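Source file model_15.txt; content: compact mmCIF, C-alpha atoms.
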# COMPACT_ATOMS: atom_id res chain seq x y z
CA MET X 1 7.79 -14.01 -16.07
CA ILE X 2 5.83 -11.56 -13.93
CA SER X 3 4.24 -12.89 -10.74
CA VAL X 4 1.26 -10.93 -9.38
CA LEU X 5 0.83 -11.75 -5.69
CA ILE X 6 -2.44 -11.16 -3.84
CA PRO X 7 -3.38 -11.86 -0.20
CA VAL X 8 -7.11 -12.64 -0.06
CA LYS X 9 -9.80 -12.87 2.60
CA ASN X 10 -13.44 -12.89 1.44
CA GLY X 11 -12.66 -10.90 -1.69
CA GLY X 12 -16.00 -11.44 -3.41
CA SER X 13 -16.80 -9.24 -6.39
CA ASP X 14 -13.78 -7.01 -5.65
CA LEU X 15 -11.48 -9.97 -6.20
CA ALA X 16 -13.24 -10.87 -9.44
CA ARG X 17 -12.74 -7.33 -10.78
CA CYS X 18 -9.09 -7.39 -9.69
CA LEU X 19 -8.33 -10.70 -11.43
CA GLU X 20 -10.27 -9.75 -14.58
CA GLY X 21 -8.30 -6.50 -14.77
CA ILE X 22 -5.02 -8.39 -14.48
CA ALA X 23 -6.09 -10.76 -17.26
CA ARG X 24 -6.61 -7.78 -19.60
CA GLN X 25 -3.05 -6.46 -19.20
CA LYS X 26 -0.97 -5.95 -22.35
CA VAL X 27 2.55 -7.19 -21.61
CA ASP X 28 5.12 -9.20 -23.52
CA ASP X 29 6.01 -11.36 -20.50
CA GLU X 30 4.08 -14.32 -19.20
CA ILE X 31 1.94 -13.51 -16.15
CA GLU X 32 1.17 -15.80 -13.24
CA VAL X 33 -1.18 -14.86 -10.41
CA VAL X 34 -0.55 -16.29 -6.94
CA VAL X 35 -3.28 -15.92 -4.32
CA VAL X 36 -2.76 -16.69 -0.64
CA ASP X 37 -6.22 -17.10 0.84
CA SER X 38 -6.47 -16.77 4.62
CA GLY X 39 -9.67 -18.53 5.58
CA SER X 40 -12.23 -17.09 3.17
CA THR X 41 -15.79 -18.27 3.74
CA ASP X 42 -17.32 -16.74 0.60
CA GLY X 43 -15.76 -19.02 -2.02
CA SER X 44 -12.93 -16.62 -2.89
CA ALA X 45 -10.39 -19.44 -3.21
CA ASP X 46 -12.53 -21.31 -5.76
CA LEU X 47 -13.29 -18.05 -7.60
CA ALA X 48 -9.57 -17.30 -7.91
CA ARG X 49 -8.88 -20.78 -9.26
CA ARG X 50 -11.66 -20.44 -11.86
CA LEU X 51 -10.12 -17.16 -13.00
CA GLY X 52 -6.70 -18.75 -13.49
CA ALA X 53 -4.84 -18.02 -10.24
CA GLN X 54 -2.63 -20.41 -8.34
CA VAL X 55 -4.18 -20.57 -4.85
CA HIS X 56 -2.54 -21.47 -1.56
CA GLU X 57 -4.76 -21.57 1.52
CA ILE X 58 -3.75 -20.76 5.10
CA ALA X 59 -5.73 -20.44 8.33
CA ALA X 60 -7.03 -16.98 9.13
CA GLU X 61 -4.91 -16.76 12.29
CA GLU X 62 -1.75 -17.38 10.25
CA PHE X 63 -2.13 -14.16 8.26
CA VAL X 64 0.54 -11.51 8.88
CA HIS X 65 1.14 -8.80 6.26
CA GLY X 66 4.89 -9.35 5.93
CA ALA X 67 4.97 -13.14 6.30
CA THR X 68 2.02 -13.76 3.97
CA ARG X 69 3.56 -11.70 1.17
CA ASN X 70 6.86 -13.52 1.64
CA LEU X 71 4.99 -16.81 1.37
CA ALA X 72 3.34 -15.70 -1.88
CA ALA X 73 6.74 -14.71 -3.26
CA ARG X 74 8.24 -18.10 -2.37
CA LEU X 75 5.35 -19.85 -4.13
CA SER X 76 5.86 -17.82 -7.31
CA ARG X 77 8.26 -18.23 -10.23
CA GLY X 78 8.56 -14.77 -11.75
CA ASP X 79 11.66 -12.62 -12.09
CA VAL X 80 9.48 -9.65 -11.14
CA LEU X 81 7.17 -9.72 -8.12
CA VAL X 82 4.13 -7.46 -8.29
CA PHE X 83 2.17 -6.95 -5.07
CA THR X 84 -1.44 -5.85 -5.04
CA THR X 85 -4.63 -6.36 -3.02
CA GLN X 86 -7.98 -7.98 -3.69
CA ASP X 87 -9.80 -4.64 -3.89
CA ALA X 88 -7.36 -2.91 -6.27
CA VAL X 89 -8.43 -2.82 -9.93
CA PRO X 90 -6.02 -1.88 -12.76
CA ALA X 91 -7.07 1.48 -14.18
CA ASP X 92 -6.19 0.44 -17.74
CA GLU X 93 -4.52 -2.29 -19.77
CA LEU X 94 -1.03 -0.76 -19.44
CA TRP X 95 -0.88 -0.73 -15.63
CA LEU X 96 1.41 -3.74 -15.35
CA SER X 97 3.81 -2.79 -18.14
CA GLN X 98 4.20 0.74 -16.73
CA LEU X 99 4.83 -0.57 -13.23
CA VAL X 100 7.44 -3.13 -14.29
CA ALA X 101 9.21 -0.62 -16.56
CA ALA X 102 9.69 1.67 -13.54
CA LEU X 103 12.12 -0.90 -12.08
CA GLU X 104 14.72 -0.10 -14.72
CA GLY X 105 17.84 1.45 -13.22
CA GLU X 106 20.82 -0.05 -11.44
CA ASP X 107 20.00 1.28 -7.97
CA VAL X 108 16.19 0.89 -8.07
CA ALA X 109 14.98 -1.52 -5.38
CA GLY X 110 11.25 -1.12 -5.93
CA ALA X 111 8.55 0.81 -7.74
CA TYR X 112 5.00 1.71 -6.83
CA GLY X 113 2.11 3.28 -8.69
CA ARG X 114 -0.81 5.60 -8.27
CA GLN X 115 -4.02 4.82 -6.40
CA LEU X 116 -7.14 6.42 -7.82
CA PRO X 117 -10.48 6.60 -5.98
CA HIS X 118 -13.49 4.53 -6.93
CA GLU X 119 -16.56 6.43 -8.14
CA ASP X 120 -18.25 6.17 -4.72
CA ALA X 121 -15.26 7.49 -2.73
CA THR X 122 -15.95 10.27 -0.24
CA PRO X 123 -14.26 13.68 -0.62
CA PRO X 124 -11.87 13.02 2.32
CA GLU X 125 -10.74 9.78 0.68
CA ARG X 126 -10.33 11.49 -2.71
CA PHE X 127 -8.17 14.19 -1.15
CA PHE X 128 -6.11 11.61 0.72
CA LEU X 129 -5.32 9.58 -2.39
CA ASP X 130 -4.44 12.64 -4.47
CA PHE X 131 -2.25 13.97 -1.65
CA MET X 132 -0.42 10.66 -1.22
CA TYR X 133 -0.35 9.43 -4.82
CA GLY X 134 -0.55 12.46 -7.07
CA PRO X 135 0.16 12.87 -10.80
CA GLU X 136 3.88 13.69 -10.55
CA ALA X 137 6.52 10.97 -10.92
CA ARG X 138 9.39 10.96 -8.44
CA VAL X 139 12.48 9.05 -7.33
CA GLN X 140 12.99 8.70 -3.57
CA ARG X 141 16.53 8.52 -2.15
CA LEU X 142 18.18 9.10 1.23
CA SER X 143 21.67 10.18 2.14
CA GLY X 144 21.27 9.58 5.86
CA LEU X 145 18.99 8.66 8.75
CA GLU X 146 18.20 12.31 9.41
CA GLU X 147 16.29 12.50 6.11
CA LEU X 148 13.81 9.81 7.10
CA SER X 149 10.23 11.00 6.81
CA PHE X 150 6.86 9.57 5.89
CA GLU X 151 7.07 11.14 2.43
CA GLN X 152 10.55 9.78 1.71
CA THR X 153 9.74 6.21 2.75
CA LEU X 154 6.34 6.07 1.05
CA PHE X 155 5.80 2.76 -0.72
CA SER X 156 2.60 0.73 -0.99
CA ASN X 157 2.00 -2.96 -1.61
CA VAL X 158 -1.43 -2.10 -2.93
CA ASN X 159 0.42 -1.40 -6.18
CA SER X 160 4.14 -2.23 -6.16
CA ALA X 161 6.86 -4.18 -7.94
CA ILE X 162 10.19 -5.64 -6.75
CA ARG X 163 12.70 -7.72 -8.67
CA ARG X 164 13.00 -11.24 -7.28
CA ARG X 165 16.76 -10.93 -6.77
CA ILE X 166 16.15 -7.89 -4.55
CA TRP X 167 13.39 -9.62 -2.57
CA GLU X 168 15.52 -12.75 -2.06
CA THR X 169 18.20 -10.63 -0.41
CA HIS X 170 15.80 -8.24 1.32
CA PRO X 171 12.42 -9.92 2.01
CA PHE X 172 9.70 -8.27 4.08
CA GLU X 173 9.99 -8.71 7.82
CA ASP X 174 7.81 -11.70 8.71
CA ASP X 175 6.61 -10.26 12.00
CA VAL X 176 5.46 -6.85 10.72
CA THR X 177 1.70 -6.83 11.16
CA MET X 178 1.15 -3.60 9.21
CA SER X 179 3.15 -1.17 7.06
CA GLU X 180 5.49 -3.96 5.99
CA ASP X 181 5.91 -2.07 2.71
CA GLN X 182 7.21 1.11 4.32
CA GLU X 183 9.43 -0.79 6.74
CA TRP X 184 10.95 -2.46 3.66
CA SER X 185 11.38 0.82 1.76
CA ARG X 186 13.07 2.36 4.79
CA ARG X 187 15.66 -0.43 4.82
CA MET X 188 16.21 -0.16 1.07
CA LEU X 189 16.64 3.60 1.15
CA LEU X 190 19.08 3.45 4.06
CA ALA X 191 21.05 0.81 2.14
CA GLY X 192 21.52 3.28 -0.74
CA HIS X 193 18.79 2.07 -3.11
CA ALA X 194 16.14 4.18 -4.80
CA ILE X 195 12.35 3.83 -4.78
CA VAL X 196 10.47 4.98 -7.90
CA TYR X 197 6.91 6.32 -7.96
CA GLU X 198 5.26 5.89 -11.37
CA PRO X 199 1.80 7.53 -11.51
CA ARG X 200 1.01 6.10 -14.94
CA ALA X 201 0.87 2.64 -13.32
CA ALA X 202 -2.51 3.24 -11.68
CA VAL X 203 -5.08 1.13 -9.89
CA ARG X 204 -8.47 2.08 -8.52
CA HIS X 205 -8.44 1.52 -4.78
CA SER X 206 -10.22 3.43 -2.04
CA HIS X 207 -11.92 2.81 1.29
CA THR X 208 -14.84 4.42 3.06
CA TYR X 209 -13.87 4.18 6.70
CA SER X 210 -16.28 4.82 9.56
CA LEU X 211 -14.99 7.01 12.37
CA ARG X 212 -14.22 3.88 14.36
CA GLY X 213 -12.56 2.30 11.34
CA ALA X 214 -10.37 5.38 10.77
CA PHE X 215 -9.34 5.37 14.44
CA ARG X 216 -8.40 1.69 14.32
CA ARG X 217 -6.53 2.08 11.03
CA PHE X 218 -4.36 4.90 12.35
CA TYR X 219 -3.91 3.28 15.74
CA ALA X 220 -2.38 0.29 13.94
CA SER X 221 -0.23 2.67 11.88
CA GLY X 222 1.04 4.29 15.06
CA VAL X 223 1.94 0.96 16.62
CA SER X 224 3.96 -0.04 13.53
CA ALA X 225 5.41 3.42 12.82
CA GLU X 226 8.70 2.94 14.69
CA ARG X 227 9.72 0.22 12.26
CA SER X 228 8.34 1.79 9.12
CA TYR X 229 9.29 5.46 9.10
CA VAL X 230 9.45 7.02 12.56
CA ALA X 231 12.56 6.92 14.77
CA GLY X 232 12.60 8.76 18.09
CA ASP X 233 10.52 11.42 19.82
CA GLU X 234 11.50 14.19 17.39
CA SER X 235 10.29 12.20 14.38
CA ARG X 236 7.05 11.27 16.13
CA GLN X 237 6.39 14.92 16.83
CA ALA X 238 7.17 15.78 13.19
CA LEU X 239 4.64 13.16 12.08
CA ARG X 240 1.95 14.66 14.30
CA ARG X 241 2.70 18.13 12.92
CA ALA X 242 2.51 16.79 9.37
CA MET X 243 -0.91 15.30 10.06
CA LYS X 244 -2.17 18.63 11.37
CA ARG X 245 -0.86 20.44 8.27
CA TYR X 246 -2.54 17.80 6.11
CA ALA X 247 -5.88 18.38 7.86
CA VAL X 248 -5.65 22.15 7.30
CA ARG X 249 -4.94 21.64 3.59
CA GLU X 250 -7.83 19.20 3.33
CA LEU X 251 -10.30 21.62 4.91
CA ARG X 252 -9.08 24.42 2.64
CA TRP X 253 -9.56 22.12 -0.39
CA LEU X 254 -13.11 21.27 0.67
CA TRP X 255 -13.92 24.97 1.01
CA GLN X 256 -12.35 25.98 -2.29
CA THR X 257 -13.98 23.14 -4.27
CA GLY X 258 -17.49 23.85 -3.01
CA GLN X 259 -17.74 20.73 -0.83
CA ARG X 260 -18.30 22.69 2.37
CA ARG X 261 -21.02 20.45 3.75
CA TRP X 262 -18.28 17.84 4.28
CA ILE X 263 -16.25 20.11 6.57
CA PRO X 264 -17.93 19.24 9.93
CA TYR X 265 -17.65 15.51 9.28
CA THR X 266 -14.07 15.83 8.04
CA ILE X 267 -13.01 17.66 11.22
CA VAL X 268 -14.32 14.80 13.35
CA TYR X 269 -12.85 12.23 10.93
CA GLU X 270 -9.37 13.76 11.08
CA LEU X 271 -9.54 14.03 14.88
CA ALA X 272 -10.31 10.30 15.02
CA LYS X 273 -7.25 9.58 12.85
CA VAL X 274 -4.96 11.80 14.94
CA ALA X 275 -6.24 10.25 18.18
CA GLY X 276 -5.65 6.75 16.82
CA LEU X 277 -2.15 7.62 15.65
CA GLN X 278 -1.17 9.22 18.94
CA LEU X 279 -2.42 6.29 21.00
CA GLY X 280 -0.65 3.87 18.69
CA LEU X 281 2.62 5.79 18.95
CA ARG X 282 2.26 5.94 22.74
CA ARG X 283 1.67 2.20 22.98
CA ARG X 284 4.71 1.53 20.82
CA ALA X 285 6.86 3.87 22.91
CA THR X 286 5.92 2.15 26.21
CA ARG X 287 6.72 -1.40 25.00
Taking this structure as input, can you express it in the form of structure tokens?
Amino acid sequence: MISVLIPVKNGGSDLARCLEGIARQKVDDEIEVVVVDSGSTDGSADLARRLGAQVHEIAAEEFVHGATRNLAARLSRGDVLVFTTQDAVPADELWLSQLVAALEGEDVAGAYGRQLPHEDATPPERFFLDFMYGPEARVQRLSGLEELSFEQTLFSNVNSAIRRRIWETHPFEDDVTMSEDQEWSRRMLLAGHAIVYEPRAAVRHSHTYSLRGAFRRFYASGVSAERSYVAGDESRQALRRAMKRYAVRELRWLWQTGQRRWIPYTIVYELAKVAGLQLGLRRRATR
């Protein structure tokens, strides 16, 4: 059995599209969908039940990214645990089979798939998703702590799969408020396991952040970075340099693809992200 696990809060029409896409999947195994709803006020819990999901409700203040996903896993029965989000929609009917197949291999701890932009995604968001989750498959491994980097530890619970036996031994950290997926992949890689990226297992998932939203998102990433992929001052500096290189590549892409009117906004947008990250890293370092 495959268990698809989804944390939900006011999912609305996004949740309906997500669940309908899961129902269309072509797989030989039985599928169960487990939803953990954290205080929805828009009827999401009832909607999920009508569309065939098993629903467990918790108070909004009880939601924590790591702990809530562990709870969903404990409530499920599948041999394979698939993690996704309420606003991720399978790109086709083979998403689930491709994702689960990527777990094959003795040393594979987890697999994750591609994230494609929705039709209304902005150019900065389109570039971000293609940069992070491009068309090339890869296997991520580490031979030592010195190889830790954001790229090597990349793993996303927007679109991921873990075998139950692996999760039972190595669950997510309950107290990780954000980036619980990358904290987990870091531990798995350092333990000698591999992480597989399978781009054919694709979902549509994108956000349109305001400048304030981008700042807050990257501030939270900075606060959680020490446990997910950054260790020490040298690594924090490397992360900042990588973000600057990313911004330069993004601006070059906008220019070369004829989307130059987006350049002024993108400069401000990337500065908001860098400022949020730096403040988050600084807060973490002073704790």
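CA of Glu30 in chain X lies 20.7 Å from CA of Glu168 in chain X.
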Taking a cut-off of 12 Å and counting all atoms listed in the file, can you build a table that, for each residue of range 141-215 of chain X near range 20-28 of chain X, reports the nearest atom pair and how far apart they are in Å (one decimal), sorted by chain then residue number, as a Markdown table?
| residue | atom | partner | partner_atom | distance |
| --- | --- | --- | --- | --- |
| X:Ala201 | CA | X:Gln25 | CA | 11.5 |
| X:Ala202 | CA | X:Gly21 | CA | 11.7 |
| X:Val203 | CA | X:Gly21 | CA | 9.6 |
| X:Arg204 | CA | X:Gly21 | CA | 10.6 |
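Close contacts of range 96-109 of chain X, defined as residues with an atom at most 7 Å away when counting only C-alpha atoms, with chain neighbours fewer than 2 positions off set aside, comprise Gln25, Val27, Leu94, Ala111, Tyr112, Gly113, Ala161, Ile162, Ile166, Met188, His193, Ala194, Ile195, Val196, Glu198, Arg200 and Ala201 of chain X.
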Task: Selection near range 115-127 of chain X, 8 Å with all atoms listed in the file, sequence-local residues under 4 positions removed, as a ChimeraX atom specification - done: /X:131,133,159,202-208,250,254,259,262,266
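Computed from the coordinates, the CA of Val82 in chain X to CA of Val35 in chain X distance equals 11.9 Å.
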TODO: Find the residues near Ser13 in chain X: any atom within 10 Å, counting all atoms listed in the file, skip ones fewer than 3 places away on the same chain, and give them as a ChimeraX atom specification.
DONE: /X:10,16-19,44,47,86-87
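Considering only C-alpha atoms, the residue among X:His56, X:Arg163, X:Arg141, X:Arg69 positioned nearest to Met1 in chain X is X:Arg163.
Shortest separation to Arg217 in chain X among X:Pro171, X:Pro199, X:Gly11, X:Gly276 occurs at residue X:Gly276, atoms counted being all atoms listed in the file.
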TODO: Mind giving me the straight-line distance from CA of Phe155 in chain X to CA of Phe172 in chain X in Å, one decimal?
DONE: 12.6 Å
